[in-house]
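Structure data (mmCIF, C-alpha atoms (C1' of nucleotides)) from target_7.cif:
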```cif
data_structure
loop_
_atom_site.label_atom_id
_atom_site.label_comp_id
_atom_site.auth_asym_id
_atom_site.auth_seq_id
_atom_site.Cartn_x
_atom_site.Cartn_y
_atom_site.Cartn_z
CA MET A 1 -86.43 -45.46 10.63
CA LEU A 2 -82.84 -46.29 10.97
CA ALA A 3 -82.11 -42.69 11.73
CA GLY A 4 -79.15 -42.68 14.04
CA MET A 5 -80.33 -45.55 16.13
CA GLY A 6 -82.38 -48.66 16.25
CA ARG A 7 -79.35 -49.78 14.36
CA LEU A 8 -77.41 -50.36 17.52
CA GLU A 9 -78.15 -53.42 19.62
CA ILE A 10 -76.26 -54.32 22.73
CA LYS A 11 -76.09 -57.97 23.64
CA PRO A 12 -73.97 -58.56 26.70
CA GLU A 13 -74.79 -62.26 26.73
CA GLN A 14 -73.26 -62.52 23.26
CA HIS A 15 -70.27 -60.40 24.20
CA ALA A 16 -71.25 -58.05 21.45
CA ALA A 17 -72.63 -54.69 20.36
CA LEU A 18 -74.20 -54.91 16.92
CA VAL A 19 -74.66 -52.23 14.31
CA ASP A 20 -77.00 -53.39 11.59
CA GLY A 21 -76.49 -56.91 12.83
CA ARG A 22 -72.74 -56.72 12.60
CA PRO A 23 -70.64 -56.78 15.76
CA LEU A 24 -68.33 -53.87 16.46
CA SER A 25 -64.86 -54.96 17.38
CA LEU A 26 -64.81 -53.71 20.92
CA THR A 27 -62.42 -54.83 23.58
CA VAL A 28 -63.79 -56.40 26.74
CA ARG A 29 -63.43 -53.17 28.69
CA GLU A 30 -65.02 -51.06 25.99
CA LEU A 31 -67.96 -53.40 25.81
CA GLN A 32 -68.38 -53.48 29.58
CA LEU A 33 -68.46 -49.72 29.63
CA LEU A 34 -70.98 -49.50 26.81
CA VAL A 35 -73.18 -52.11 28.45
CA THR A 36 -73.08 -50.27 31.74
CA LEU A 37 -73.93 -46.93 30.17
CA SER A 38 -76.70 -48.37 28.05
CA GLU A 39 -78.30 -50.12 31.00
CA HIS A 40 -79.17 -46.69 32.34
CA PRO A 41 -80.30 -44.68 29.34
CA GLN A 42 -80.71 -40.94 29.83
CA ARG A 43 -79.24 -41.17 33.29
CA ILE A 44 -76.15 -39.20 34.12
CA MET A 45 -73.65 -41.60 35.58
CA THR A 46 -70.69 -40.40 37.59
CA ARG A 47 -67.17 -41.66 36.97
CA GLU A 48 -67.35 -43.39 40.33
CA GLU A 49 -70.45 -45.34 39.33
CA LEU A 50 -69.00 -46.29 35.98
CA PHE A 51 -65.69 -47.28 37.47
CA ALA A 52 -67.36 -49.38 40.14
CA GLU A 53 -69.40 -51.28 37.53
CA VAL A 54 -66.65 -51.83 34.99
CA TRP A 55 -63.45 -52.04 37.00
CA GLY A 56 -64.85 -52.73 40.44
CA GLY A 57 -63.89 -50.75 43.51
CA ARG A 58 -63.15 -47.05 43.57
CA PRO A 59 -61.04 -45.05 41.16
CA ARG A 60 -58.00 -43.16 42.37
CA SER A 61 -58.91 -39.53 42.73
CA ASP A 62 -56.96 -38.63 39.60
CA ASP A 63 -57.89 -41.73 37.59
CA ARG A 64 -58.73 -41.03 33.97
CA SER A 65 -59.54 -44.56 32.87
CA VAL A 66 -63.23 -43.87 32.42
CA ASP A 67 -62.55 -40.82 30.26
CA VAL A 68 -60.05 -42.68 28.15
CA TYR A 69 -62.40 -45.57 27.54
CA VAL A 70 -65.30 -43.25 26.77
CA SER A 71 -63.06 -41.66 24.20
CA ARG A 72 -62.13 -45.00 22.67
CA LEU A 73 -65.74 -46.08 22.65
CA ARG A 74 -66.84 -42.87 20.95
CA ALA A 75 -64.23 -43.35 18.28
CA LYS A 76 -65.47 -46.83 17.43
CA LEU A 77 -69.14 -45.91 17.63
CA GLY A 78 -68.44 -42.86 15.51
CA GLU A 79 -66.94 -45.00 12.78
CA ALA A 80 -69.90 -47.32 12.65
CA LEU A 81 -72.60 -44.68 13.22
CA PRO A 82 -71.14 -41.39 12.04
CA GLU A 83 -74.22 -39.27 12.56
CA ALA A 84 -75.09 -40.51 16.03
CA SER A 85 -73.76 -39.03 19.25
CA LEU A 86 -74.74 -41.51 21.86
CA ILE A 87 -72.54 -40.63 24.81
CA HIS A 88 -72.90 -37.15 26.26
CA THR A 89 -70.53 -35.45 28.64
CA HIS A 90 -71.92 -33.70 31.69
CA ASN A 91 -69.26 -31.39 32.86
CA GLY A 92 -68.13 -31.89 36.41
CA ILE A 93 -70.41 -34.90 36.82
CA GLY A 94 -70.00 -37.74 34.37
CA TYR A 95 -71.55 -39.25 31.25
CA ARG A 96 -74.99 -40.02 29.90
CA PHE A 97 -76.05 -42.55 27.29
CA SER A 98 -78.81 -41.42 24.98
CA PRO A 99 -80.11 -44.05 22.54
CA ASP A 100 -81.36 -41.36 20.16
CA GLY A 101 -78.66 -38.80 19.56
CA MET B 1 -69.71 -58.13 -5.55
CA LEU B 2 -68.20 -61.52 -5.48
CA ALA B 3 -65.67 -59.97 -3.23
CA GLY B 4 -64.85 -62.53 -0.65
CA MET B 5 -67.90 -64.64 -0.78
CA GLY B 6 -70.67 -66.05 -2.87
CA ARG B 7 -67.73 -68.04 -4.08
CA LEU B 8 -67.59 -70.14 -0.96
CA GLU B 9 -70.16 -72.83 -0.42
CA ILE B 10 -70.21 -75.06 2.58
CA LYS B 11 -71.88 -78.43 2.22
CA PRO B 12 -71.69 -80.37 5.44
CA GLU B 13 -73.82 -83.17 4.03
CA GLN B 14 -71.24 -83.61 1.28
CA HIS B 15 -68.33 -83.28 3.68
CA ALA B 16 -67.04 -80.46 1.56
CA ALA B 17 -66.37 -76.76 1.30
CA LEU B 18 -66.27 -75.45 -2.26
CA VAL B 19 -64.64 -72.39 -3.73
CA ASP B 20 -65.90 -71.65 -7.22
CA GLY B 21 -67.18 -75.19 -7.27
CA ARG B 22 -63.86 -76.74 -6.34
CA PRO B 23 -63.50 -78.52 -3.03
CA LEU B 24 -60.90 -77.28 -0.61
CA SER B 25 -58.79 -80.04 0.81
CA LEU B 26 -59.70 -79.68 4.42
CA THR B 27 -59.20 -82.25 7.10
CA VAL B 28 -62.15 -83.51 9.07
CA ARG B 29 -61.44 -81.24 11.99
CA GLU B 30 -60.91 -78.21 9.82
CA LEU B 31 -64.18 -78.81 8.03
CA GLN B 32 -66.07 -79.35 11.27
CA LEU B 33 -64.74 -76.09 12.57
CA LEU B 34 -65.63 -74.20 9.40
CA VAL B 35 -69.11 -75.70 9.36
CA THR B 36 -69.67 -74.77 12.98
CA LEU B 37 -68.50 -71.22 12.49
CA SER B 38 -70.47 -70.73 9.31
CA GLU B 39 -73.66 -72.01 10.90
CA HIS B 40 -73.64 -68.91 13.08
CA PRO B 41 -72.64 -66.05 10.80
CA GLN B 42 -71.78 -62.76 12.47
CA ARG B 43 -72.01 -64.35 15.87
CA ILE B 44 -69.05 -64.22 18.19
CA MET B 45 -68.44 -67.77 19.33
CA THR B 46 -66.34 -68.53 22.35
CA ARG B 47 -63.63 -71.18 22.33
CA GLU B 48 -65.78 -73.19 24.68
CA GLU B 49 -68.70 -73.19 22.25
CA LEU B 50 -66.51 -74.09 19.31
CA PHE B 51 -64.70 -76.78 21.21
CA ALA B 52 -67.97 -78.28 22.43
CA GLU B 53 -69.31 -78.46 18.86
CA VAL B 54 -66.22 -79.76 17.16
CA TRP B 55 -64.43 -81.84 19.77
CA GLY B 56 -67.24 -82.38 22.27
CA GLY B 57 -66.93 -81.70 25.96
CA ARG B 58 -64.96 -78.90 27.51
CA PRO B 59 -61.48 -77.75 26.62
CA ARG B 60 -58.73 -77.77 29.19
CA SER B 61 -58.27 -74.27 30.49
CA ASP B 62 -55.05 -73.86 28.54
CA ASP B 63 -56.15 -75.72 25.41
CA ARG B 64 -55.16 -74.03 22.17
CA SER B 65 -56.66 -76.50 19.73
CA VAL B 66 -59.31 -74.09 18.54
CA ASP B 67 -56.72 -71.42 17.82
CA VAL B 68 -54.47 -73.82 15.98
CA TYR B 69 -57.27 -75.08 13.78
CA VAL B 70 -58.51 -71.58 13.11
CA SER B 71 -55.00 -70.79 11.97
CA ARG B 72 -54.86 -73.84 9.68
CA LEU B 73 -58.28 -73.03 8.30
CA ARG B 74 -57.33 -69.46 7.58
CA ALA B 75 -54.25 -70.60 5.74
CA LYS B 76 -56.26 -72.81 3.43
CA LEU B 77 -59.06 -70.29 2.95
CA GLY B 78 -56.47 -67.63 2.32
CA GLU B 79 -54.91 -69.63 -0.47
CA ALA B 80 -58.22 -70.17 -2.22
CA LEU B 81 -59.66 -66.72 -1.51
CA PRO B 82 -56.72 -64.40 -1.00
CA GLU B 83 -58.66 -61.18 -0.57
CA ALA B 84 -61.28 -62.50 1.84
CA SER B 85 -60.99 -62.44 5.59
CA LEU B 86 -63.80 -64.61 6.75
CA ILE B 87 -62.82 -65.49 10.28
CA HIS B 88 -62.39 -62.64 12.71
CA THR B 89 -60.71 -62.80 16.09
CA HIS B 90 -62.39 -61.22 19.09
CA ASN B 91 -59.67 -60.86 21.60
CA GLY B 92 -60.40 -62.37 24.97
CA ILE B 93 -63.62 -63.94 23.69
CA GLY B 94 -63.42 -66.06 20.56
CA TYR B 95 -64.00 -66.04 16.82
CA ARG B 96 -66.62 -64.83 14.37
CA PHE B 97 -67.43 -65.95 10.85
CA SER B 98 -68.41 -63.16 8.50
CA PRO B 99 -69.49 -64.22 4.99
CA ASP B 100 -68.61 -60.78 3.65
CA GLY B 101 -65.22 -59.69 4.83
"C1'" DC C 1 -42.49 -97.59 5.10
"C1'" DG C 2 -44.64 -93.14 3.57
"C1'" DA C 3 -48.20 -89.79 3.69
"C1'" DC C 4 -51.21 -87.53 6.43
"C1'" DC C 5 -53.88 -86.00 10.55
"C1'" DT C 6 -53.93 -84.60 15.26
"C1'" DG C 7 -52.93 -82.34 19.53
"C1'" DT C 8 -49.32 -80.13 22.33
"C1'" DG C 9 -45.67 -77.02 23.81
"C1'" DA C 10 -43.31 -73.02 23.08
"C1'" DA C 11 -41.53 -68.99 20.54
"C1'" DA C 12 -42.95 -65.06 17.93
"C1'" DA C 13 -46.21 -61.64 16.89
"C1'" DT C 14 -50.01 -58.92 17.97
"C1'" DC C 15 -53.27 -56.57 20.81
"C1'" DG C 16 -55.33 -54.56 25.24
"C1'" DT C 17 -54.70 -51.98 29.27
"C1'" DG C 18 -53.65 -48.32 32.29
"C1'" DT C 19 -50.81 -44.28 32.95
"C1'" DG C 20 -48.73 -39.79 32.34
"C1'" DA C 21 -48.58 -35.93 29.61
"C1'" DA C 22 -49.97 -32.75 26.02
"C1'" DC C 23 -53.69 -30.56 24.06
"C1'" DG C 24 -58.03 -28.08 23.60
"C1'" DC C 25 -62.34 -26.36 24.80
"C1'" DA C 26 -65.67 -23.93 27.74
"C1'" DG C 27 -66.82 -20.96 31.44
"C1'" DG C 28 -65.72 -17.22 34.64
"C1'" DC C 29 -64.07 -12.82 35.33
"C1'" DA C 30 -61.81 -8.41 34.59
"C1'" DT D 1 -63.01 -9.23 24.16
"C1'" DG D 2 -59.13 -11.54 26.05
"C1'" DC D 3 -56.93 -14.12 29.49
"C1'" DC D 4 -57.06 -17.69 33.15
"C1'" DT D 5 -58.18 -21.95 34.79
"C1'" DG D 6 -60.25 -26.36 35.38
"C1'" DC D 7 -61.75 -30.23 33.20
"C1'" DG D 8 -62.28 -33.34 29.44
"C1'" DT D 9 -60.10 -35.41 25.32
"C1'" DT D 10 -56.67 -37.66 23.03
"C1'" DC D 11 -51.92 -39.31 22.22
"C1'" DA D 12 -47.92 -42.17 23.12
"C1'" DC D 13 -45.86 -45.58 25.52
"C1'" DA D 14 -44.63 -49.71 28.42
"C1'" DC D 15 -46.12 -53.75 30.22
"C1'" DG D 16 -48.69 -57.77 30.40
"C1'" DA D 17 -51.95 -60.75 28.24
"C1'" DT D 18 -53.59 -63.15 24.30
"C1'" DT D 19 -53.24 -65.01 19.76
"C1'" DT D 20 -50.70 -66.90 15.91
"C1'" DT D 21 -47.61 -69.81 14.05
"C1'" DC D 22 -44.12 -73.36 13.96
"C1'" DA D 23 -42.08 -77.79 14.98
"C1'" DC D 24 -42.63 -82.15 16.60
"C1'" DA D 25 -44.23 -86.68 18.44
"C1'" DG D 26 -47.68 -90.08 18.33
"C1'" DG D 27 -51.31 -92.30 15.80
"C1'" DT D 28 -53.73 -94.22 11.56
"C1'" DC D 29 -54.13 -96.34 7.36
"C1'" DG D 30 -52.74 -97.52 2.68
#
```
Take the structure from the file and write it as C-alpha coordinates.
Amino acid sequence: MLAGMGRLEIKPEQHAALVDGRPLSLTVRELQLLVTLSEHPQRIMTREELFAEVWGGRPRSDDRSVDVYVSRLRAKLGEALPEASLIHTHNGIGYRFSPDG
Amino acid sequence: MLAGMGRLEIKPEQHAALVDGRPLSLTVRELQLLVTLSEHPQRIMTREELFAEVWGGRPRSDDRSVDVYVSRLRAKLGEALPEASLIHTHNGIGYRFSPDG
DNA sequence: CGACCTGTGAAAATCGTGTGAACGCAGGCA
DNA sequence: TGCCTGCGTTCACACGATTTTCACAGGTCG
(Lines of atoms letter the chains of each structure in order from A and count residues from 1; the text may use other names and numbers.)
(Lines give C-alpha, C1' and ligand atoms only; values in the text may rest on other atoms or scores of the structure.)
Protein backbone atom coordinates (compact mmCIF):
# COMPACT_ATOMS: atom_id res chain seq x y z
CA MET A 1 0.00 0.00 0.00
CA LEU A 2 0.94 3.50 -0.75
CA ALA A 3 3.53 2.27 -3.16
CA GLY A 4 3.80 4.88 -5.84
CA MET A 5 0.13 5.48 -6.13
CA GLY A 6 -3.17 5.38 -4.39
CA ARG A 7 -1.61 8.45 -2.94
CA LEU A 8 -2.67 10.55 -5.88
CA GLU A 9 -6.29 11.62 -6.18
CA ILE A 10 -7.58 13.83 -8.92
CA LYS A 11 -10.61 15.94 -8.14
CA PRO A 12 -11.54 18.19 -11.01
CA GLU A 13 -14.64 19.44 -9.22
CA GLN A 14 -12.39 20.72 -6.44
CA HIS A 15 -9.89 22.19 -8.88
CA ALA A 16 -7.28 19.99 -7.29
CA ALA A 17 -4.96 17.02 -7.52
CA LEU A 18 -4.17 15.64 -4.08
CA VAL A 19 -1.14 13.73 -2.89
CA ASP A 20 -1.75 12.23 0.52
CA GLY A 21 -4.69 14.56 0.88
CA ARG A 22 -2.65 17.64 0.14
CA PRO A 23 -3.26 19.60 -3.05
CA LEU A 24 -0.39 20.06 -5.46
CA SER A 25 0.02 23.62 -6.57
CA LEU A 26 -0.80 23.16 -10.21
CA THR A 27 -1.79 25.91 -12.57
CA VAL A 28 -5.14 25.71 -14.31
CA ARG A 29 -3.58 24.40 -17.51
CA GLU A 30 -1.48 21.83 -15.74
CA LEU A 31 -4.49 20.54 -13.88
CA GLN A 32 -6.60 20.40 -17.03
CA LEU A 33 -3.93 18.35 -18.71
CA LEU A 34 -3.58 15.98 -15.78
CA VAL A 35 -7.33 15.55 -15.55
CA THR A 36 -7.57 14.81 -19.25
CA LEU A 37 -4.78 12.27 -19.16
CA SER A 38 -6.09 10.58 -16.06
CA GLU A 39 -9.58 10.27 -17.49
CA HIS A 40 -8.16 7.79 -19.97
CA PRO A 41 -5.76 5.63 -17.99
CA GLN A 42 -3.47 3.35 -19.97
CA ARG A 43 -4.65 4.87 -23.20
CA ILE A 44 -2.15 6.50 -25.49
CA MET A 45 -3.43 9.95 -26.27
CA THR A 46 -2.15 11.92 -29.21
CA ARG A 47 -1.08 15.54 -28.92
CA GLU A 48 -4.08 16.45 -31.04
CA GLU A 49 -6.48 14.80 -28.61
CA LEU A 50 -4.83 16.38 -25.61
CA PHE A 51 -4.71 19.77 -27.22
CA ALA A 52 -8.36 19.58 -28.23
CA GLU A 53 -9.41 18.73 -24.66
CA VAL A 54 -7.26 21.24 -22.84
CA TRP A 55 -6.88 24.16 -25.22
CA GLY A 56 -9.74 23.49 -27.59
CA GLY A 57 -9.36 23.40 -31.34
CA ARG A 58 -6.34 22.08 -33.19
CA PRO A 59 -2.70 22.73 -32.46
CA ARG A 60 -0.47 24.36 -35.04
CA SER A 61 1.56 21.70 -36.74
CA ASP A 62 4.68 22.74 -34.87
CA ASP A 63 2.98 23.50 -31.54
CA ARG A 64 4.88 22.25 -28.52
CA SER A 65 2.47 23.38 -25.82
CA VAL A 66 1.43 19.85 -24.90
CA ASP A 67 5.04 18.73 -24.51
CA VAL A 68 5.92 21.74 -22.43
CA TYR A 69 3.00 21.23 -20.10
CA VAL A 70 3.69 17.52 -19.79
CA SER A 71 7.19 18.47 -18.77
CA ARG A 72 5.96 20.95 -16.18
CA LEU A 73 3.46 18.44 -14.87
CA ARG A 74 6.11 15.74 -14.55
CA ALA A 75 8.32 18.10 -12.62
CA LYS A 76 5.62 18.83 -10.06
CA LEU A 77 4.44 15.24 -9.82
CA GLY A 78 8.04 14.14 -9.47
CA GLU A 79 8.55 16.42 -6.50
CA ALA A 80 5.51 15.11 -4.69
CA LEU A 81 5.87 11.46 -5.74
CA PRO A 82 9.54 10.92 -6.49
CA GLU A 83 9.36 7.21 -7.18
CA ALA A 84 6.33 7.28 -9.46
CA SER A 85 6.45 7.77 -13.21
CA LEU A 86 2.89 8.36 -14.15
CA ILE A 87 3.12 9.90 -17.60
CA HIS A 88 4.77 7.83 -20.31
CA THR A 89 5.96 9.06 -23.67
CA HIS A 90 5.06 7.09 -26.78
CA ASN A 91 7.43 8.19 -29.41
CA GLY A 92 5.86 9.57 -32.53
CA ILE A 93 2.37 9.24 -31.04
CA GLY A 94 1.71 10.96 -27.75
CA TYR A 95 1.42 10.30 -24.03
CA ARG A 96 -0.12 7.72 -21.73
CA PHE A 97 -1.17 8.03 -18.11
CA SER A 98 -0.52 4.99 -15.97
CA PRO A 99 -1.85 5.16 -12.41
CA ASP A 100 0.69 2.58 -11.24
CA GLY A 101 4.14 3.50 -12.46
CA MET B 1 6.72 20.15 15.83
CA LEU B 2 4.95 23.22 16.92
CA ALA B 3 6.16 24.65 13.72
CA GLY B 4 3.42 26.81 12.42
CA MET B 5 0.49 25.31 14.15
CA GLY B 6 -0.82 23.61 17.21
CA ARG B 7 -0.27 27.10 18.48
CA LEU B 8 -3.27 28.46 16.66
CA GLU B 9 -6.72 27.72 17.96
CA ILE B 10 -9.85 28.98 16.35
CA LYS B 11 -12.92 29.32 18.52
CA PRO B 12 -15.83 30.64 16.54
CA GLU B 13 -18.18 30.24 19.49
CA GLN B 14 -15.92 32.54 21.48
CA HIS B 15 -15.48 34.94 18.60
CA ALA B 16 -11.77 34.47 18.90
CA ALA B 17 -8.63 33.08 17.34
CA LEU B 18 -5.87 32.32 19.83
CA VAL B 19 -2.14 32.03 19.38
CA ASP B 20 -0.47 30.41 22.38
CA GLY B 21 -3.63 31.19 24.28
CA ARG B 22 -3.64 34.86 23.40
CA PRO B 23 -6.40 36.25 21.22
CA LEU B 24 -5.46 37.91 17.99
CA SER B 25 -7.16 41.22 17.49
CA LEU B 26 -9.12 40.42 14.41
CA THR B 27 -12.07 42.31 13.10
CA VAL B 28 -15.37 40.55 12.62
CA ARG B 29 -14.82 40.09 8.91
CA GLU B 30 -11.29 38.86 9.35
CA LEU B 31 -12.40 36.31 11.90
CA GLN B 32 -15.29 35.13 9.76
CA LEU B 33 -12.93 34.61 6.89
CA LEU B 34 -10.41 32.73 9.01
CA VAL B 35 -13.14 30.55 10.50
CA THR B 36 -14.52 29.75 7.08
CA LEU B 37 -11.13 28.86 5.67
CA SER B 38 -10.15 26.78 8.66
CA GLU B 39 -13.37 24.82 8.56
CA HIS B 40 -12.19 23.30 5.30
CA PRO B 41 -8.51 22.55 5.79
CA GLN B 42 -6.53 21.62 2.70
CA ARG B 43 -9.47 22.42 0.50
CA ILE B 44 -9.11 24.96 -2.25
CA MET B 45 -11.97 27.40 -1.81
CA THR B 46 -13.01 29.72 -4.57
CA ARG B 47 -13.65 33.40 -4.01
CA GLU B 48 -17.30 32.74 -4.67
CA GLU B 49 -17.48 30.16 -1.90
CA LEU B 50 -15.65 32.36 0.56
CA PHE B 51 -17.68 35.39 -0.32
CA ALA B 52 -20.92 33.45 0.03
CA GLU B 53 -19.93 32.25 3.51
CA VAL B 54 -18.57 35.49 4.85
CA TRP B 55 -20.52 38.22 3.10
CA GLY B 56 -23.48 36.22 1.80
CA GLY B 57 -24.67 36.30 -1.77
CA ARG B 58 -22.46 36.56 -4.79
CA PRO B 59 -19.52 38.88 -5.32
CA ARG B 60 -19.50 41.34 -8.17
CA SER B 61 -17.37 39.95 -10.94
CA ASP B 62 -14.58 42.39 -10.16
CA ASP B 63 -14.92 42.29 -6.38
CA ARG B 64 -11.61 42.10 -4.53
CA SER B 65 -12.92 42.01 -0.98
CA VAL B 66 -11.83 38.44 -0.41
CA ASP B 67 -8.30 39.20 -1.55
CA VAL B 68 -8.07 42.29 0.59
CA TYR B 69 -9.23 40.48 3.70
CA VAL B 70 -6.94 37.56 3.02
CA SER B 71 -4.14 40.07 2.86
CA ARG B 72 -5.16 41.69 6.17
CA LEU B 73 -5.52 38.30 7.78
CA ARG B 74 -2.11 37.20 6.61
CA ALA B 75 -0.57 40.33 8.01
CA LYS B 76 -1.99 39.68 11.46
CA LEU B 77 -1.25 35.97 11.40
CA GLY B 78 2.23 36.74 10.18
CA GLU B 79 2.89 38.99 13.14
CA ALA B 80 1.78 36.39 15.64
CA LEU B 81 3.26 33.38 13.83
CA PRO B 82 6.09 34.68 11.70
CA GLU B 83 7.31 31.36 10.35
CA ALA B 84 3.91 29.93 9.43
CA SER B 85 2.23 30.31 6.08
CA LEU B 86 -1.25 29.12 6.66
CA ILE B 87 -3.17 30.57 3.77
CA HIS B 88 -2.09 29.54 0.30
CA THR B 89 -3.08 31.21 -2.94
CA HIS B 90 -4.20 29.09 -5.86
CA ASN B 91 -3.89 31.32 -8.81
CA GLY B 92 -7.01 31.65 -10.91
CA ILE B 93 -9.04 29.68 -8.37
CA GLY B 94 -8.95 30.83 -4.77
CA TYR B 95 -7.36 30.15 -1.40
CA ARG B 96 -6.52 27.18 0.79
CA PHE B 97 -5.98 26.92 4.52
CA SER B 98 -3.25 24.52 5.56
CA PRO B 99 -2.81 24.00 9.31
CA ASP B 100 0.78 22.88 8.76
CA GLY B 101 2.60 25.24 6.49
C1' DC C 1 -14.29 64.48 17.80
C1' DG C 2 -11.32 60.25 17.65
C1' DA C 3 -10.64 55.47 16.89
C1' DC C 4 -11.79 51.85 14.19
C1' DC C 5 -13.97 48.95 10.55
C1' DT C 6 -15.31 48.38 5.85
C1' DG C 7 -15.29 48.24 0.92
C1' DT C 8 -13.35 50.27 -3.30
C1' DG C 9 -10.08 51.80 -6.79
C1' DA C 10 -5.69 51.67 -8.46
C1' DA C 11 -0.65 50.96 -8.44
C1' DA C 12 2.82 47.57 -7.57
C1' DA C 13 4.27 42.96 -7.44
C1' DT C 14 3.91 38.35 -8.72
C1' DC C 15 2.67 34.47 -11.48
C1' DG C 16 0.96 31.86 -15.74
C1' DT C 17 1.15 31.22 -20.52
C1' DG C 18 2.81 30.32 -25.00
C1' DT C 19 6.79 30.64 -28.00
C1' DG C 20 11.35 30.02 -29.91
C1' DA C 21 15.57 28.01 -29.28
C1' DA C 22 19.00 24.99 -27.25
C1' DC C 23 19.80 20.59 -25.67
C1' DG C 24 19.75 15.58 -25.38
C1' DC C 25 18.36 11.07 -26.20
C1' DA C 26 17.10 7.09 -29.07
C1' DG C 27 16.88 4.72 -33.32
C1' DG C 28 18.55 3.84 -38.00
C1' DC C 29 22.20 2.96 -40.92
C1' DA C 30 26.85 2.53 -42.74
C1' DT D 1 30.83 1.47 -33.04
C1' DG D 2 30.07 6.07 -34.55
C1' DC D 3 27.54 9.45 -36.90
C1' DC D 4 23.07 11.38 -38.47
C1' DT D 5 18.62 12.73 -37.77
C1' DG D 6 14.13 13.32 -35.86
C1' DC D 7 11.69 13.98 -31.92
C1' DG D 8 11.02 14.99 -27.17
C1' DT D 9 12.59 17.75 -23.17
C1' DT D 10 13.71 21.75 -20.97
C1' DC D 11 15.17 26.61 -20.62
C1' DA D 12 14.55 31.55 -21.04
C1' DC D 13 11.86 35.21 -22.09
C1' DA D 14 8.02 38.55 -23.07
C1' DC D 15 3.48 39.49 -22.52
C1' DG D 16 -0.77 39.42 -20.31
C1' DA D 17 -3.42 38.12 -16.39
C1' DT D 18 -4.00 37.81 -11.53
C1' DT D 19 -2.95 38.89 -6.85
C1' DT D 20 -1.21 41.86 -3.25
C1' DT D 21 -0.94 45.93 -1.05
C1' DC D 22 -1.82 50.77 -0.20
C1' DA D 23 -4.58 54.87 0.40
C1' DC D 24 -8.81 56.76 1.04
C1' DA D 25 -13.77 57.87 1.81
C1' DG D 26 -17.84 56.71 4.18
C1' DG D 27 -19.93 54.69 8.18
C1' DT D 28 -20.38 53.45 13.26
C1' DC D 29 -20.05 54.03 17.93
C1' DG D 30 -17.93 55.62 22.19
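Taking atom CA of A:Tyr95 and atom CA of A:Ala17 as the two end points, the separation is 18.9 Å.
When chain A is laid over chain B and all C-alpha atoms are paired one by one, the RMSD comes to 0.4 Å.
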Apply the PyMOL selection byres ((chain C) within 12 of (chain A)) to the structure shown and report the selected residues as an MDAnalysis selection string.
-> chainID C and resid 15:20 25:27
Explicit residues for the PyMOL selection byres ((chain D) within 12 of (chain B)) (as an MDAnalysis selection string) | chainID D and resid 17:22
Take every atom of stretch 48-64 of chain B listed in the file, pad by 8 Å on each side, and give me the axis-aligned box centre and edge lengths in Å, one decimal, as JSON.
```
{"center_x": -62.2, "center_y": -77.8, "center_z": 23.8, "size_x": 30.3, "size_y": 25.2, "size_z": 29.3}
```
Can you check which residues of chain A have any atom within 7 Å of chain B? Use only C-alpha atoms and format it as a PyMOL selection string.
-> chain A and resi 14+22-23+25+27
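The space between atom CA of B:Phe97 and atom C1' of C:DT8 spans 25.7 Å.
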Selection in question (the file shown): the PyMOL selection byres ((chain D and resi 5) around 10). Which residues does it include, as a PDB file with C-alpha atoms (C1' of nucleotides), in the frame of the given file?
```
ATOM      1  C1'  DG C  27     -66.820 -20.960  31.440  1.00  0.00           C
ATOM      2  C1'  DG C  28     -65.720 -17.220  34.640  1.00  0.00           C
TER       3       DG C  28
ATOM      4  C1'  DC D   3     -56.930 -14.120  29.490  1.00  0.00           C
ATOM      5  C1'  DC D   4     -57.060 -17.690  33.150  1.00  0.00           C
ATOM      6  C1'  DG D   6     -60.250 -26.360  35.380  1.00  0.00           C
ATOM      7  C1'  DC D   7     -61.750 -30.230  33.200  1.00  0.00           C
TER       8       DC D   7
END
```
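Taking all atoms listed in the file, the non-local environment of stretch 54-56 of chain B within 7 Å (same-chain residues fewer than 4 positions away omitted) comprises Gln32, Leu33 and Leu50 of chain B.
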Store the residues of this selection in a file with C-alpha atoms, as an mmCIF file, keeping the file's coordinate frame.
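Saved the output as part_9.cif:
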```
data_model
loop_
_atom_site.group_PDB
_atom_site.id
_atom_site.type_symbol
_atom_site.label_atom_id
_atom_site.label_comp_id
_atom_site.auth_asym_id
_atom_site.auth_seq_id
_atom_site.Cartn_x
_atom_site.Cartn_y
_atom_site.Cartn_z
ATOM 1 C CA GLN B 32 -66.070 -79.350 11.270
ATOM 2 C CA LEU B 33 -64.740 -76.090 12.570
ATOM 3 C CA LEU B 50 -66.510 -74.090 19.310
#
```
Surrounding residues of A:Arg7 excluding itself and chain neighbours under 6 positions, 12 Å, only C-alpha atoms (C1' of nucleotides), as an MDAnalysis selection string = chainID A and resid 1 17:24 77 80:84 99:100
Distance in Å - atom C1' of D:DC29 versus atom CA of B:Thr36 | 27.2 Å
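Proximity ranking of A:Leu37, A:Val66, A:Lys76, A:Leu86 relative to D:DG8 places A:Val66 first, based on all atoms listed in the file.
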For D:DG30: contacts at 12 Å, all atoms listed in the file, fewer than 5 positions along chain excluded, given as number ranges by chain = C: 1-4
Generate a file of the selected residues that holds C-alpha atoms (C1' of nucleotides), formatted as a PDB file, keeping the file's coordinate frame.
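File produced: result39.pdb:
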```pdb
ATOM      1  C1'  DC C   1     -42.490 -97.590   5.100  1.00  0.00           C
ATOM      2  C1'  DG C   2     -44.640 -93.140   3.570  1.00  0.00           C
ATOM      3  C1'  DA C   3     -48.200 -89.790   3.690  1.00  0.00           C
ATOM      4  C1'  DC C   4     -51.210 -87.530   6.430  1.00  0.00           C
TER       5       DC C   4
END
```
